[in-house]
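K.L.:
Next up, upload.cif (mmCIF, C-alpha atoms and all ligand atoms).
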```cif
data_my_file
loop_
_atom_site.label_atom_id
_atom_site.label_comp_id
_atom_site.auth_asym_id
_atom_site.auth_seq_id
_atom_site.Cartn_x
_atom_site.Cartn_y
_atom_site.Cartn_z
CA MET O 381 0.00 0.00 0.00
CA LYS O 382 2.80 2.32 0.96
CA ARG O 383 4.53 1.67 -2.35
CA PHE O 384 1.31 2.37 -4.26
CA ASN O 385 0.89 5.72 -2.52
CA THR O 386 4.46 6.73 -3.25
CA SER O 387 4.23 5.89 -6.93
CA LEU O 388 0.86 7.61 -7.21
CA ILE O 389 2.35 10.79 -5.78
CA ALA O 390 5.32 10.45 -8.13
CA ALA O 391 3.01 9.98 -11.12
CA ILE O 392 0.88 13.00 -10.22
CA SER O 393 3.89 15.25 -9.71
CA ALA O 394 5.49 13.97 -12.94
CA ALA O 395 2.29 14.69 -14.87
CA ALA O 396 2.10 18.21 -13.42
CA PHE O 397 5.76 18.85 -14.17
CA CYS O 398 5.56 17.58 -17.74
CA VAL O 399 3.52 20.54 -18.96
CA SER O 400 6.81 22.35 -19.66
CA PRO O 401 8.39 22.05 -23.16
CA ILE O 402 11.72 20.95 -21.62
CA CYS O 403 10.04 17.90 -20.19
CA ALA O 404 8.42 17.12 -23.55
CA GLN O 405 11.92 16.92 -25.02
CA GLU O 406 13.15 14.74 -22.21
CA THR O 407 10.28 12.27 -22.55
CA ALA O 408 11.08 11.87 -26.27
CA ALA O 409 14.41 10.24 -25.41
CA PRO O 410 13.11 6.80 -24.31
CA ALA O 411 11.04 6.55 -27.52
CA ALA O 412 14.16 7.22 -29.58
CA GLN O 413 15.99 4.58 -27.56
CA GLU O 414 13.17 2.10 -28.18
CA GLU O 415 13.39 2.77 -31.93
CA LYS O 416 17.12 2.11 -31.81
CA THR O 417 16.79 -1.27 -30.08
CA LYS O 418 14.05 -2.28 -32.47
CA THR O 419 16.12 -1.65 -35.59
CA GLU O 420 19.41 -2.89 -34.16
CA LYS O 421 18.21 -6.48 -33.55
CA LYS O 422 21.57 -7.59 -32.28
CA GLU O 423 22.05 -11.33 -32.49
CA ARG O 424 21.30 -12.99 -29.19
CA ARG O 425 23.53 -15.64 -27.66
CA ILE O 426 23.41 -17.46 -24.34
CA ARG O 427 26.09 -19.76 -23.00
CA ALA O 428 24.46 -22.70 -21.21
CA SER O 429 26.42 -24.38 -18.41
CA PRO O 430 26.77 -28.16 -18.03
CA GLY O 431 24.55 -29.72 -15.38
CA THR O 432 21.48 -31.83 -14.74
CA PRO O 433 18.94 -30.16 -12.44
CA LYS O 434 16.09 -31.89 -10.68
CA ILE O 435 12.88 -30.68 -12.31
CA ASP O 436 10.78 -29.73 -9.30
CA GLY O 437 10.35 -25.96 -9.57
CA GLU O 438 12.89 -25.36 -6.79
CA ILE O 439 15.84 -23.17 -7.75
CA ASP O 440 18.70 -25.43 -6.72
CA ASP O 441 22.29 -24.20 -6.45
CA ILE O 442 23.24 -25.69 -9.81
CA TRP O 443 21.36 -22.85 -11.51
CA LYS O 444 23.85 -20.38 -10.01
CA THR O 445 26.48 -21.82 -12.36
CA ALA O 446 24.43 -20.66 -15.36
CA ARG O 447 24.34 -17.21 -16.96
CA LYS O 448 21.22 -15.09 -16.88
CA SER O 449 19.41 -13.40 -19.76
CA LYS O 450 15.99 -11.86 -20.22
CA THR O 451 13.08 -11.39 -22.60
CA ASP O 452 13.44 -7.70 -23.32
CA ARG O 453 12.19 -7.69 -26.92
CA TYR O 454 8.62 -6.54 -27.33
CA VAL O 455 6.40 -7.96 -30.06
CA GLU O 456 4.58 -4.77 -30.82
CA SER O 457 2.30 -6.14 -33.54
CA GLU O 458 0.68 -8.59 -31.11
CA SER O 459 0.58 -6.46 -27.97
CA MET O 460 -2.24 -4.37 -26.60
CA VAL O 461 -0.32 -2.92 -23.67
CA GLN O 462 3.05 -1.20 -23.59
CA ALA O 463 6.25 -3.16 -23.14
CA SER O 464 6.64 -1.75 -19.63
CA GLU O 465 3.37 -3.43 -18.61
CA ALA O 466 4.08 -6.79 -20.22
CA ALA O 467 5.17 -9.92 -18.34
CA THR O 468 8.88 -10.71 -18.77
CA ALA O 469 11.19 -13.56 -17.84
CA GLU O 470 14.74 -13.82 -16.62
CA PHE O 471 16.15 -17.18 -17.57
CA ARG O 472 19.18 -19.45 -17.38
CA CYS O 473 20.09 -22.58 -19.35
CA LEU O 474 21.91 -25.81 -18.48
CA TRP O 475 22.73 -28.78 -20.70
CA ASP O 476 23.72 -32.40 -20.61
CA GLU O 477 24.21 -34.82 -23.52
CA LYS O 478 20.52 -35.39 -24.07
CA HIS O 479 18.79 -32.25 -22.76
CA VAL O 480 18.52 -28.50 -22.61
CA TYR O 481 17.25 -27.26 -19.25
CA ILE O 482 15.65 -23.87 -18.77
CA LEU O 483 14.80 -21.99 -15.61
CA ALA O 484 12.50 -19.06 -16.36
CA VAL O 485 11.57 -16.66 -13.57
CA VAL O 486 8.53 -14.80 -14.86
CA LYS O 487 7.30 -11.47 -13.57
CA ASP O 488 3.57 -11.29 -14.25
CA ALA O 489 1.29 -9.23 -12.03
CA VAL O 490 -2.00 -10.94 -12.93
CA LEU O 491 -2.03 -14.67 -13.63
CA GLY O 492 -4.66 -16.28 -15.80
CA VAL O 493 -5.30 -19.39 -17.90
CA ASP O 494 -8.90 -18.60 -18.88
CA ALA O 495 -8.18 -18.14 -22.59
CA ASP O 496 -9.33 -20.96 -24.86
CA GLU O 497 -6.14 -20.85 -26.92
CA ASP O 498 -3.08 -22.12 -25.04
CA TRP O 499 -0.89 -19.36 -26.47
CA GLN O 500 -3.23 -16.66 -25.12
CA GLN O 501 -2.79 -17.91 -21.56
CA ASP O 502 -0.03 -16.76 -19.22
CA SER O 503 2.73 -19.02 -20.43
CA VAL O 504 6.32 -19.42 -21.52
CA GLU O 505 7.35 -20.91 -24.86
CA PHE O 506 10.69 -22.47 -25.75
CA PHE O 507 11.86 -22.76 -29.36
CA ILE O 508 14.63 -25.12 -30.42
CA ASP O 509 16.42 -25.50 -33.76
CA GLU O 510 18.80 -28.40 -33.19
CA ASN O 511 20.72 -28.23 -36.49
CA MET O 512 20.80 -24.43 -36.49
CA ALA O 513 19.70 -24.35 -40.11
CA ARG O 514 17.70 -21.20 -39.30
CA SER O 515 15.05 -22.38 -41.77
CA THR O 516 12.01 -20.22 -42.48
CA THR O 517 9.74 -23.23 -41.96
CA TYR O 518 9.99 -25.96 -39.31
CA ASP O 519 12.13 -29.00 -40.12
CA GLY O 520 12.04 -32.30 -38.23
CA ASP O 521 14.64 -31.14 -35.71
CA ASP O 522 12.76 -27.97 -34.73
CA GLY O 523 10.33 -27.66 -31.86
CA GLN O 524 7.95 -25.31 -30.03
CA TYR O 525 7.14 -26.15 -26.41
CA ARG O 526 4.78 -24.23 -24.13
CA VAL O 527 4.28 -24.35 -20.34
CA ASN O 528 1.55 -22.24 -18.75
CA CYS O 529 1.59 -20.71 -15.27
CA GLU O 530 -0.35 -23.70 -13.92
CA GLY O 531 2.21 -26.17 -15.29
CA ASN O 532 0.11 -27.35 -18.23
CA ILE O 533 2.25 -28.35 -21.21
CA THR O 534 1.26 -27.84 -24.86
CA PHE O 535 3.12 -27.94 -28.16
CA GLY O 536 3.38 -26.37 -31.55
CA GLN O 537 5.31 -28.36 -34.15
CA VAL O 538 7.60 -30.88 -32.47
CA ALA O 539 9.27 -34.12 -33.54
CA LYS O 540 8.63 -35.62 -30.13
CA GLU O 541 6.55 -34.31 -27.21
CA ALA O 542 9.60 -34.62 -25.01
CA ILE O 543 9.50 -32.04 -22.25
CA GLN O 544 9.25 -32.27 -18.51
CA ALA O 545 8.33 -29.16 -16.53
CA SER O 546 7.50 -28.01 -13.05
CA VAL O 547 5.94 -24.65 -12.21
CA LYS O 548 5.72 -22.76 -8.93
CA LYS O 549 3.80 -19.54 -8.42
CA THR O 550 5.62 -16.70 -6.67
CA LYS O 551 4.59 -13.35 -5.20
CA THR O 552 5.54 -11.66 -8.47
CA GLY O 553 4.60 -14.29 -11.02
CA TYR O 554 5.79 -17.85 -11.54
CA VAL O 555 8.88 -19.99 -12.04
CA VAL O 556 9.13 -22.59 -14.82
CA GLU O 557 11.81 -25.25 -14.61
CA ALA O 558 11.91 -27.38 -17.75
CA ALA O 559 13.90 -30.18 -19.38
CA ILE O 560 13.63 -30.52 -23.15
CA GLU O 561 14.95 -33.73 -24.64
CA LEU O 562 17.17 -33.31 -27.68
CA ASN O 563 15.85 -35.56 -30.42
CA SER O 564 18.39 -35.52 -33.26
CA ILE O 565 21.68 -34.51 -31.66
CA THR O 566 23.91 -35.34 -28.71
CA ALA O 567 25.05 -32.15 -27.04
CA LYS O 568 28.81 -31.61 -26.98
CA LYS O 569 30.81 -28.81 -25.46
CA GLY O 570 31.25 -25.97 -27.92
CA ASN O 571 28.32 -26.95 -30.15
CA LYS O 572 25.37 -24.63 -30.72
CA ILE O 573 21.64 -24.78 -31.36
CA GLY O 574 19.03 -22.18 -32.26
CA PHE O 575 16.96 -21.10 -29.28
CA ASP O 576 14.30 -18.58 -28.33
CA LEU O 577 12.05 -17.90 -25.37
CA GLN O 578 8.66 -16.18 -25.46
CA VAL O 579 6.44 -14.94 -22.64
CA ASN O 580 2.71 -14.77 -23.38
CA ASP O 581 0.79 -12.46 -21.08
CA ASP O 582 -2.95 -12.30 -20.62
CA THR O 583 -2.40 -8.93 -19.00
CA ASP O 584 -5.82 -8.50 -17.34
CA ASP O 585 -7.03 -12.12 -17.16
CA SER O 586 -9.61 -11.34 -19.83
CA GLY O 587 -8.96 -14.44 -21.91
CA ASN O 588 -6.94 -12.54 -24.52
CA ARG O 589 -3.20 -12.26 -24.84
CA GLY O 590 -2.28 -8.65 -24.10
CA ALA O 591 1.45 -8.84 -24.78
CA ILE O 592 4.36 -10.96 -26.00
CA MET O 593 7.95 -10.47 -24.90
CA LYS O 594 10.78 -12.40 -26.57
CA TRP O 595 14.45 -13.04 -26.06
CA SER O 596 15.55 -12.89 -29.72
CA ASP O 597 12.89 -12.69 -32.45
CA ASP O 598 10.72 -9.61 -31.98
CA THR O 599 8.10 -10.87 -34.43
CA ASN O 600 5.36 -13.42 -33.74
CA GLU O 601 6.77 -15.84 -36.32
CA SER O 602 8.84 -18.15 -34.11
CA TYR O 603 6.17 -20.86 -34.17
CA GLN O 604 6.64 -21.30 -37.93
CA ASP O 605 10.01 -19.73 -38.76
CA THR O 606 13.31 -20.49 -37.00
CA SER O 607 15.41 -17.86 -38.81
CA ARG O 608 15.40 -15.23 -36.08
CA PHE O 609 16.06 -17.49 -33.09
CA GLY O 610 19.12 -16.65 -31.01
CA THR O 611 22.02 -19.03 -30.34
CA LEU O 612 22.47 -21.31 -27.35
CA VAL O 613 26.02 -22.57 -26.84
CA PHE O 614 26.75 -25.77 -24.90
CA ALA O 615 29.46 -24.03 -22.91
CA GLU O 616 31.49 -24.65 -19.80
CA ALA O 617 30.32 -23.48 -16.38
CA ARG O 618 30.32 -19.77 -15.58
CA LYS O 619 33.51 -18.77 -13.85
CA PRO O 620 32.96 -17.15 -10.49
CA LYS O 621 33.80 -13.45 -10.76
CA ALA O 622 37.25 -12.63 -9.43
CA LYS O 623 37.08 -10.65 -6.22
CA LYS O 624 37.81 -6.99 -6.82
CA GLU O 625 41.25 -6.04 -5.57
CA ALA O 626 41.21 -3.72 -2.62
CA LYS O 627 41.69 -0.12 -3.70
CA THR O 628 45.03 0.84 -2.22
CA GLU O 629 44.95 4.49 -3.32
CA ASP O 630 41.95 5.23 -1.06
CA LYS O 631 43.76 4.31 2.10
C1 LIG O 701 2.13 -17.71 -31.38
C2 LIG O 701 0.71 -17.84 -31.83
C3 LIG O 701 0.55 -19.15 -32.59
C4 LIG O 701 0.99 -20.28 -31.70
C5 LIG O 701 0.95 -21.61 -32.42
C6 LIG O 701 2.52 -18.89 -30.56
O1 LIG O 701 3.88 -18.80 -30.26
O2 LIG O 701 2.32 -16.55 -30.62
O3 LIG O 701 0.37 -16.73 -32.61
O4 LIG O 701 -0.77 -19.35 -33.03
O5 LIG O 701 2.30 -20.07 -31.29
O6 LIG O 701 1.35 -22.65 -31.56
CA CA O 702 16.40 -26.84 -37.78
CA CA O 703 -0.72 -12.23 -16.90
#
```
What do you get writing this file as structure tokens?
P.N.:
Amino acid sequence: MKRFNTSLIAAISAAAFCVSPICAQETAAPAAQEEKTKTEKKERRIRASPGTPKIDGEIDDIWKTARKSKTDRYVESESMVQASEAATAEFRCLWDEKHVYILAVVKDAVLGVDADEDWQQDSVEFFIDENMARSTTYDGDDGQYRVNCEGNITFGQVAKEAIQASVKKTKTGYVVEAAIELNSITAKKGNKIGFDLQVNDDTDDSGNRGAIMKWSDDTNESYQDTSRFGTLVFAEARKPKAKKEAKTEDK
């Protein structure tokens, strides 16, 4: 409640302040920034760490060895609310010879699975392109896997319905821990696959998807086109950051 009051006051004072032309200029900056990120479309890459987690929705220590990334690309064409109001996920990836594991920590203020279509429900989707052919249609090695905030699993095109997932709700959304079985390759250190992650958000629990956020492809084509997926590398474990040396000059 306290937080709500504070932000309300901040919003009112910001609105009052923004009547000035200086403020109008200042508020144009984030829009320009948004335009930049949209056109840049830098290729996404995540280095997965080796490891086999237990799929139970608990964030075990093994996940700390994996690097973090997030779904900060907004699929504007499919969204009815602004990016700032859309559900997002922070995620990490692990691998072993036969699987890719994903831990997605989703921030979603209102959870709902009322929509008839699975992809309109609050859910996370994983996209895999095992041979990294980046084809514009799905080949036999490509797959689309979906887990909703209640733990219900659905699929798009997949060679094999080979996913295990566990979901836990949190105060700020939900956590999805998933294991996807590789069907045509054996993972080896240094090899790569195509990968993407999508968060579907029924923003007001109305039964309609209000927003999509993605990791790599900022279009809604990932379910039928693998060409804009990012890259997942079967890498070594993350090295713990070296402790900063004590600053001697400040003594
Ligand atoms: C897309 C939907 C599509 C569905 C098919 C989702 O990722 O956002 O538009 O109909 O996949 O499975
Ligand atoms: Ca492929
Ligand atoms: Ca939601």
K.L.:
Measuring atom to atom with all atoms listed in the file, identify which of O:Met512, O:Val461, O:Val579, O:Ala539 is nearest to Asn563 of chain O.
P.N.:
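The closest residue to Asn563 of chain O is O:Ala539.
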K.L.:
What's around segment 499-506 of chain O at 8 Å? Count only C-alpha atoms, leave out sequence neighbours fewer than 2 positions away in its own chain, and write the answer as a list in words.
P.N.:
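That gives Leu491, Gly492, Val493, Asp494, Ala495, Asp496, Glu497, Ile508, Gln524, Tyr525, Arg526, Val527, Asn528, Cys529, Val556, Phe575, Asp576, Leu577, Gln578, Val579, Asn580, Asp581, Asp582, Gly587, Asn588 and Arg589 of chain O.
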K.L.:
Rank O:Ala622, O:Ile439, O:Ile426, O:Ala617 by their smallest atom-to-atom distance to Gly574 of chain O, using only C-alpha atoms, and report the top residue only.
P.N.:
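For Gly574 of chain O, the nearest of the candidates is O:Ile426.
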K.L.:
Quick one: pull the distance between atom CA of Ile592 of chain O and atom O5 of ligand LIG 701 (chain O), Å, one decimal.
P.N.:
10.7 Å
K.L.:
May I have the residues within 6 Å of segment 479-489 of chain O as an mmCIF file with C-alpha atoms, in the coordinates of the input, using only C-alpha atoms and disregarding those fewer than 3 positions away in the same chain?
P.N.:
```cif
data_model
loop_
_atom_site.group_PDB
_atom_site.id
_atom_site.type_symbol
_atom_site.label_atom_id
_atom_site.label_comp_id
_atom_site.auth_asym_id
_atom_site.auth_seq_id
_atom_site.Cartn_x
_atom_site.Cartn_y
_atom_site.Cartn_z
ATOM 1 C CA ALA O 467 5.170 -9.920 -18.340
ATOM 2 C CA THR O 468 8.880 -10.710 -18.770
ATOM 3 C CA ALA O 469 11.190 -13.560 -17.840
ATOM 4 C CA GLU O 470 14.740 -13.820 -16.620
ATOM 5 C CA PHE O 471 16.150 -17.180 -17.570
ATOM 6 C CA ARG O 472 19.180 -19.450 -17.380
ATOM 7 C CA CYS O 473 20.090 -22.580 -19.350
ATOM 8 C CA LEU O 474 21.910 -25.810 -18.480
ATOM 9 C CA TRP O 475 22.730 -28.780 -20.700
ATOM 10 C CA ASP O 476 23.720 -32.400 -20.610
ATOM 11 C CA THR O 552 5.540 -11.660 -8.470
ATOM 12 C CA GLY O 553 4.600 -14.290 -11.020
ATOM 13 C CA TYR O 554 5.790 -17.850 -11.540
ATOM 14 C CA VAL O 555 8.880 -19.990 -12.040
ATOM 15 C CA VAL O 556 9.130 -22.590 -14.820
ATOM 16 C CA GLU O 557 11.810 -25.250 -14.610
ATOM 17 C CA ALA O 558 11.910 -27.380 -17.750
ATOM 18 C CA ALA O 559 13.900 -30.180 -19.380
ATOM 19 C CA ILE O 560 13.630 -30.520 -23.150
ATOM 20 C CA GLU O 561 14.950 -33.730 -24.640
ATOM 21 C CA LEU O 562 17.170 -33.310 -27.680
#
```
K.L.:
From the set O:Ala463, O:Ala545, O:Ile565, O:Ala513, which residue has the shortest atom-to-atom contact distance to ligand CA 702 (chain O), counting only C-alpha atoms and all ligand atoms?
P.N.:
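With only C-alpha atoms and all ligand atoms as the atom set, the closest residue is O:Ala513.
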K.L.:
Do a neighbour search on Asn600 of chain O at 8 Å with all atoms listed in the file, toss out local chain neighbours closer than 4 positions, and write the hits as a ChimeraX atom specification.
P.N.:
/O:455,457-458
K.L.:
In terms of the shortest atom-to-atom distance over only C-alpha atoms, which of O:Arg618, O:Arg453, O:Lys568, O:Lys540 is closest to Glu423 of chain O?
P.N.:
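Ranking O:Arg618, O:Arg453, O:Lys568, O:Lys540 by distance to Glu423 of chain O, first place goes to O:Arg453.
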K.L.:
Suppose you want the space between atom CA of Phe614 of chain O and atom CA of Val538 of chain O; what is it in Å?
P.N.:
21.2 Å
K.L.:
Kindly provide, as AutoDock Vina command-line options, the centre and edge lengths (Å, one decimal) of an axis-aligned box around all atoms of segment 451-456 of chain O given in the file, with 6 Å on each side.
P.N.:
```
--center_x 9.0 --center_y -8.1 --center_z -26.7 --size_x 20.9 --size_y 18.6 --size_z 20.2
```
K.L.:
Neighbouring residues of Arg427 of chain O were defined as those with any atom within 8 Å, considering all atoms listed in the file; residues of the same chain fewer than 5 positions away were excluded. Please report them as a list in words.
P.N.:
Ala446, Arg447, Cys473, Leu612, Val613, Phe614, Ala615 and Glu616 of chain O
K.L.:
Mind giving me the straight-line distance from atom CA of Tyr454 of chain O to atom O1 of ligand LIG 701 (chain O) in Å, one decimal?
P.N.:
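We find that atom CA of Tyr454 of chain O and atom O1 of ligand LIG 701 (chain O) lie 13.5 Å from each other.
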K.L.:
Given a cut-off of 9 Å, what residues near ligand CA 702 (chain O) show up using all atoms listed in the file, put as a PDB file with C-alpha atoms, in the coordinates of the input?
P.N.:
```pdb
ATOM      1  CA  ILE O 508      14.630 -25.120 -30.420  1.00  0.00           C
ATOM      2  CA  ASP O 509      16.420 -25.500 -33.760  1.00  0.00           C
ATOM      3  CA  GLU O 510      18.800 -28.400 -33.190  1.00  0.00           C
ATOM      4  CA  ASN O 511      20.720 -28.230 -36.490  1.00  0.00           C
ATOM      5  CA  MET O 512      20.800 -24.430 -36.490  1.00  0.00           C
ATOM      6  CA  ALA O 513      19.700 -24.350 -40.110  1.00  0.00           C
ATOM      7  CA  ARG O 514      17.700 -21.200 -39.300  1.00  0.00           C
ATOM      8  CA  SER O 515      15.050 -22.380 -41.770  1.00  0.00           C
ATOM      9  CA  THR O 517       9.740 -23.230 -41.960  1.00  0.00           C
ATOM     10  CA  TYR O 518       9.990 -25.960 -39.310  1.00  0.00           C
ATOM     11  CA  ASP O 519      12.130 -29.000 -40.120  1.00  0.00           C
ATOM     12  CA  GLY O 520      12.040 -32.300 -38.230  1.00  0.00           C
ATOM     13  CA  ASP O 521      14.640 -31.140 -35.710  1.00  0.00           C
ATOM     14  CA  ASP O 522      12.760 -27.970 -34.730  1.00  0.00           C
ATOM     15  CA  GLY O 523      10.330 -27.660 -31.860  1.00  0.00           C
ATOM     16  CA  ILE O 573      21.640 -24.780 -31.360  1.00  0.00           C
ATOM     17  CA  GLY O 574      19.030 -22.180 -32.260  1.00  0.00           C
ATOM     18  CA  THR O 606      13.310 -20.490 -37.000  1.00  0.00           C
TER      19      THR O 606
END
```
